[in-house]
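Comments concern the structure below.
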Amino acid sequence: MDDLLNRTRAAVWHPCTQMKQLEAAPPLAIARGEGAWLIDTDGRRYLDAISSWWVNLFGHCNPRINAAIIDQLGKIEHVMLAGATHAPVVELSERLAALTGLGHAFYGSDGSSATEIALKMSAHYWRNAGQAEKNGFVSLQNGYHGETVGALSVTDIPLFKDTYAPLLRHSVQVPTPDARLAEAGESAEAYALRCADALEAHLAEHAATTAAFIIEPLVQGAAGMAMYHPAYLTRARELCDQYAVHLIADEIAVGFGRTGTMFACEQAQPLSQREGGEGGQPGIRPDFICLSKGITGGYLPLSAVLTTDEVYAAFYGDATSKGFLHSHSYTGNPLACRAALAVLDIFESDGVIAANREKSAQFTKTLGEVAAHPRVRHFRQCGMIWAFDVASSAPDFAARFHQMALAQGVFIRPVGNTVYVMPPYVTCADDMRGLAQALLICLNHAAV
Ligand SMILES: Cc1ncc(COP(=O)(O)O)c(C=O)c1O
């Protein structure tokens, strides 16, 4: 184990990490995974309570996803998608179209590339439509859409963004409907609608130069699992229609059941009309939906941007330059598509959305003592995501909590003073009880 840690420090530049801090807090050296658990090279077990950066849905080493990838390995591992096609990418596109109501799928390799694709496609659409001046973007305060240069331009997390400001294109941020920011006595819905008024004020003035509004539906993950009322999405859809601006739903983190419906946009309607299901649709239909993370169950890097017939038609014609000439070498990789198809099969055959509904109600009860802890503020839950803020003045709260949770056998990475739990869907009631106990031990510790 020590050897691996020394070698990783010497040769691997870890993401989102000040490498010097690894001297005091080395990374876990993981040898294998089993369901919701990670097992290190010394055989110690850690509950993967954040699904390995929100990607894992059905556990590590899931036999059904393994089998699909192994089967595909014997057929074709990869072929470029320009000038060639294959059954996995066609079937995946058809099934995603049926689930989202958006019939044209363009593929990338990770979430950030999906954001880039959606932004470029939106601006290019307006150019093809003879309105090239509509090329600006609007996003939410504290929003996160990835860290490549285009995606970072619409991200609003100063820690990630400020250093690179000279490289970025200007974009506009409108107030976040984060329910924690509601005035005393103001409902989450009323606050969301007040924020939507600010969006309207911006669009009313700048629609002529705005291509799209990009948003994380229902939960702003990197902002610290900031949750907001679905009325904001309903209103945003209306406003984007009214002012002829595209709505880009970044469901990279919240898609594939995380918020309790297959896609978070399905919840953007009055509660009484809510259906949801294994891709239950209604709700609002965005002009673009960005998918990644859970799409392959956390197995392989893959992202997709799905869009409407109308957008697609604006690119279709004789002029090459009117086409969308964007590409990534691994676009539509067959192994990744097979993993994604296996994930969709599991959703269908196991009735995952309905099962998760019961599971999330049960887990919320299990976390009751955590929610009631005197240091806990704004305990919140949406589908299979739980989060709370901790009253602590420790400047390195997140690092301390992380280390203390590791000692309890839980792998968790708070964002600032926000602790969140986003476990694989295969996490069982016993694991959840153990997690609740571990969180209480951490919360009771004066050092965090
Ligand atoms: C909402 C959202 N968009 C985009 C991304 C970027 O995805 P990736 O890290 O795969 O580039 C993330 C990653 O956390 C995300 O949460």
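Identifiers in this document derive from the order of the structure tokens: chains are assigned A, B, ..., residues are numbered from 1 separately in each chain, and ligands are numbered from 1 in order of occurrence.
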Which protein, DNA or RNA residues have an atom within 8 Å of ligand 1, counting only C-alpha atoms and all ligand atoms, as a VMD selection string? chain A and resid 53 to 54 109 to 115 143 to 148 151 216 220 to 222 250 to 254 292 to 293 301 303
Sorted by chain and rising residue number, list the residues of stretch 169-215 of chain A at most 12 Å from stretch 367-384 of chain A (counting only C-alpha atoms), each with its closest atom pair and distance in Å to one decimal, as JSON lines.
{"residue": "A:Asp178", "atom": "CA", "partner": "A:His378", "partner_atom": "CA", "distance": 11.2}
{"residue": "A:Ala179", "atom": "CA", "partner": "A:His378", "partner_atom": "CA", "distance": 9.4}
{"residue": "A:Arg180", "atom": "CA", "partner": "A:His378", "partner_atom": "CA", "distance": 7.0}
{"residue": "A:Leu181", "atom": "CA", "partner": "A:His378", "partner_atom": "CA", "distance": 10.6}
{"residue": "A:Ala182", "atom": "CA", "partner": "A:His378", "partner_atom": "CA", "distance": 11.8}
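Minimum distance to A:Gln21 across A:Thr176, A:Lys365, A:Ala244, A:Asp396 (counting only C-alpha atoms) occurs at A:Asp396.
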Per-residue nearest contacts of stretch 20-95 of chain A to stretch 424-436 of chain A (9 Å; only C-alpha atoms) as a Markdown table:
| residue | atom | partner | partner_atom | distance |
| --- | --- | --- | --- | --- |
| A:Gly35 | CA | A:Val426 | CA | 6.8 |
| A:Ala36 | CA | A:Thr427 | CA | 5.7 |
| A:Trp37 | CA | A:Thr427 | CA | 8.9 |
| A:Leu47 | CA | A:Asp431 | CA | 7.6 |
| A:Asp48 | CA | A:Pro424 | CA | 7.6 |
| A:Ala49 | CA | A:Pro424 | CA | 7.3 |
| A:Ile50 | CA | A:Pro424 | CA | 7.6 |
| A:Ser51 | CA | A:Pro424 | CA | 5.3 |
| A:Ser52 | CA | A:Pro424 | CA | 8.9 |
| A:Trp54 | CA | A:Pro424 | CA | 8.3 |
| A:Val55 | CA | A:Pro424 | CA | 8.4 |
| A:Asn56 | CA | A:Pro424 | CA | 5.6 |
| A:Leu57 | CA | A:Pro424 | CA | 4.6 |
| A:Phe58 | CA | A:Val426 | CA | 5.5 |
| A:Gly59 | CA | A:Pro424 | CA | 5.9 |
| A:His60 | CA | A:Pro424 | CA | 8.9 |
Env of A:Leu335: 9 Å cut, atoms = only C-alpha atoms, seq-sep filter 3 positions within chain, self excluded. Answer as a JSON list (two decimals) with N, CA, C and O atoms, in the first residue's frame.
[["chain", "number", "residue", "atom", "x", "y", "z"],
["A", 68, "ALA", "N", -22.44, -7.47, -19.96],
["A", 68, "ALA", "CA", -22.71, -6.75, -21.22],
["A", 68, "ALA", "C", -21.41, -6.26, -21.85],
["A", 68, "ALA", "O", -21.21, -6.37, -23.07],
["A", 69, "ILE", "N", -20.51, -5.75, -21.00],
["A", 69, "ILE", "CA", -19.25, -5.22, -21.55],
["A", 69, "ILE", "C", -18.39, -6.38, -22.08],
["A", 69, "ILE", "O", -17.79, -6.29, -23.16],
["A", 70, "ILE", "N", -18.38, -7.48, -21.34],
["A", 70, "ILE", "CA", -17.58, -8.65, -21.78],
["A", 70, "ILE", "C", -18.11, -9.16, -23.11],
["A", 70, "ILE", "O", -17.36, -9.46, -24.04],
["A", 72, "GLN", "N", -19.67, -7.45, -25.38],
["A", 72, "GLN", "CA", -19.32, -6.49, -26.43],
["A", 72, "GLN", "C", -17.84, -6.57, -26.80],
["A", 72, "GLN", "O", -17.47, -6.39, -27.97],
["A", 73, "LEU", "N", -16.99, -6.88, -25.81],
["A", 73, "LEU", "CA", -15.54, -6.99, -26.07],
["A", 73, "LEU", "C", -15.24, -8.05, -27.13],
["A", 73, "LEU", "O", -14.28, -7.90, -27.90],
["A", 76, "ILE", "N", -16.86, -5.86, -30.97],
["A", 76, "ILE", "CA", -16.06, -4.72, -31.44],
["A", 76, "ILE", "C", -15.88, -3.79, -30.25],
["A", 76, "ILE", "O", -16.85, -3.39, -29.62],
["A", 77, "GLU", "N", -14.63, -3.45, -29.95],
["A", 77, "GLU", "CA", -14.37, -2.58, -28.80],
["A", 77, "GLU", "C", -14.60, -1.11, -29.14],
["A", 77, "GLU", "O", -15.11, -0.34, -28.35],
["A", 78, "HIS", "N", -14.21, -0.72, -30.35],
["A", 78, "HIS", "CA", -14.41, 0.67, -30.74],
["A", 78, "HIS", "C", -14.31, 0.81, -32.25],
["A", 78, "HIS", "O", -13.51, 0.14, -32.89],
["A", 88, "PRO", "N", -24.94, -0.94, -30.77],
["A", 88, "PRO", "CA", -25.13, -0.36, -29.43],
["A", 88, "PRO", "C", -25.46, 1.14, -29.46],
["A", 88, "PRO", "O", -26.33, 1.59, -28.70],
["A", 300, "LEU", "N", -17.92, 3.50, -17.51],
["A", 300, "LEU", "CA", -17.07, 4.00, -18.59],
["A", 300, "LEU", "C", -17.46, 5.44, -18.90],
["A", 300, "LEU", "O", -18.62, 5.82, -18.75],
["A", 332, "GLY", "N", -19.41, 7.81, -28.96],
["A", 332, "GLY", "CA", -20.30, 6.65, -29.15],
["A", 332, "GLY", "C", -19.59, 5.32, -28.98],
["A", 332, "GLY", "O", -19.99, 4.31, -29.58],
["A", 338, "ARG", "N", -22.82, -0.21, -24.57],
["A", 338, "ARG", "CA", -23.37, -1.47, -24.05],
["A", 338, "ARG", "C", -23.57, -1.38, -22.53],
["A", 338, "ARG", "O", -24.55, -1.89, -21.98],
["A", 339, "ALA", "N", -22.63, -0.73, -21.85],
["A", 339, "ALA", "CA", -22.81, -0.54, -20.41],
["A", 339, "ALA", "C", -24.09, 0.27, -20.17],
["A", 339, "ALA", "O", -24.89, -0.05, -19.28],
["A", 340, "ALA", "N", -24.29, 1.33, -20.98],
["A", 340, "ALA", "CA", -25.48, 2.17, -20.82],
["A", 340, "ALA", "C", -26.76, 1.37, -21.10],
["A", 340, "ALA", "O", -27.77, 1.54, -20.40]]
Restrict the calculation to only C-alpha atoms, then for each residue of stretch 54-139 of chain A with any atom at most 9 Å from an atom of stretch 152-174 of chain A give the closest atom pair and their distance in Å to one decimal, rows by chain and rising residue number, as JSON lines.
{"residue": "A:Ser112", "atom": "CA", "partner": "A:Leu152", "partner_atom": "CA", "distance": 8.6}
{"residue": "A:Gly136", "atom": "CA", "partner": "A:Ser171", "partner_atom": "CA", "distance": 6.5}
{"residue": "A:Phe137", "atom": "CA", "partner": "A:Ser171", "partner_atom": "CA", "distance": 5.3}
{"residue": "A:Val138", "atom": "CA", "partner": "A:Val172", "partner_atom": "CA", "distance": 4.8}
{"residue": "A:Ser139", "atom": "CA", "partner": "A:Gln173", "partner_atom": "CA", "distance": 4.9}
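Between atom CA of A:Gly257 and atom CA of A:Ala211 there is a distance of 28.6 Å.
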Residue contacts of A:Gln403 (9 Å, only C-alpha atoms) excluding same-chain residues fewer than 5 positions away, as a list of chain:residue names: A:Ala25, A:Ala398, A:Gln408, A:Phe411, A:Ile412
Selected residues written out, C-alpha atoms, as a short mmCIF file (atom, residue, chain, number, x, y, z; two decimals), in the first residue's frame:
data_model
loop_
_atom_site.label_atom_id
_atom_site.label_comp_id
_atom_site.auth_asym_id
_atom_site.auth_seq_id
_atom_site.Cartn_x
_atom_site.Cartn_y
_atom_site.Cartn_z
CA ALA A 25 -4.00 12.86 3.75
CA ALA A 398 -14.45 19.31 4.75
CA GLN A 408 -15.61 4.99 10.37
CA PHE A 411 -16.03 7.45 1.88
CA ILE A 412 -17.58 10.91 1.74
#
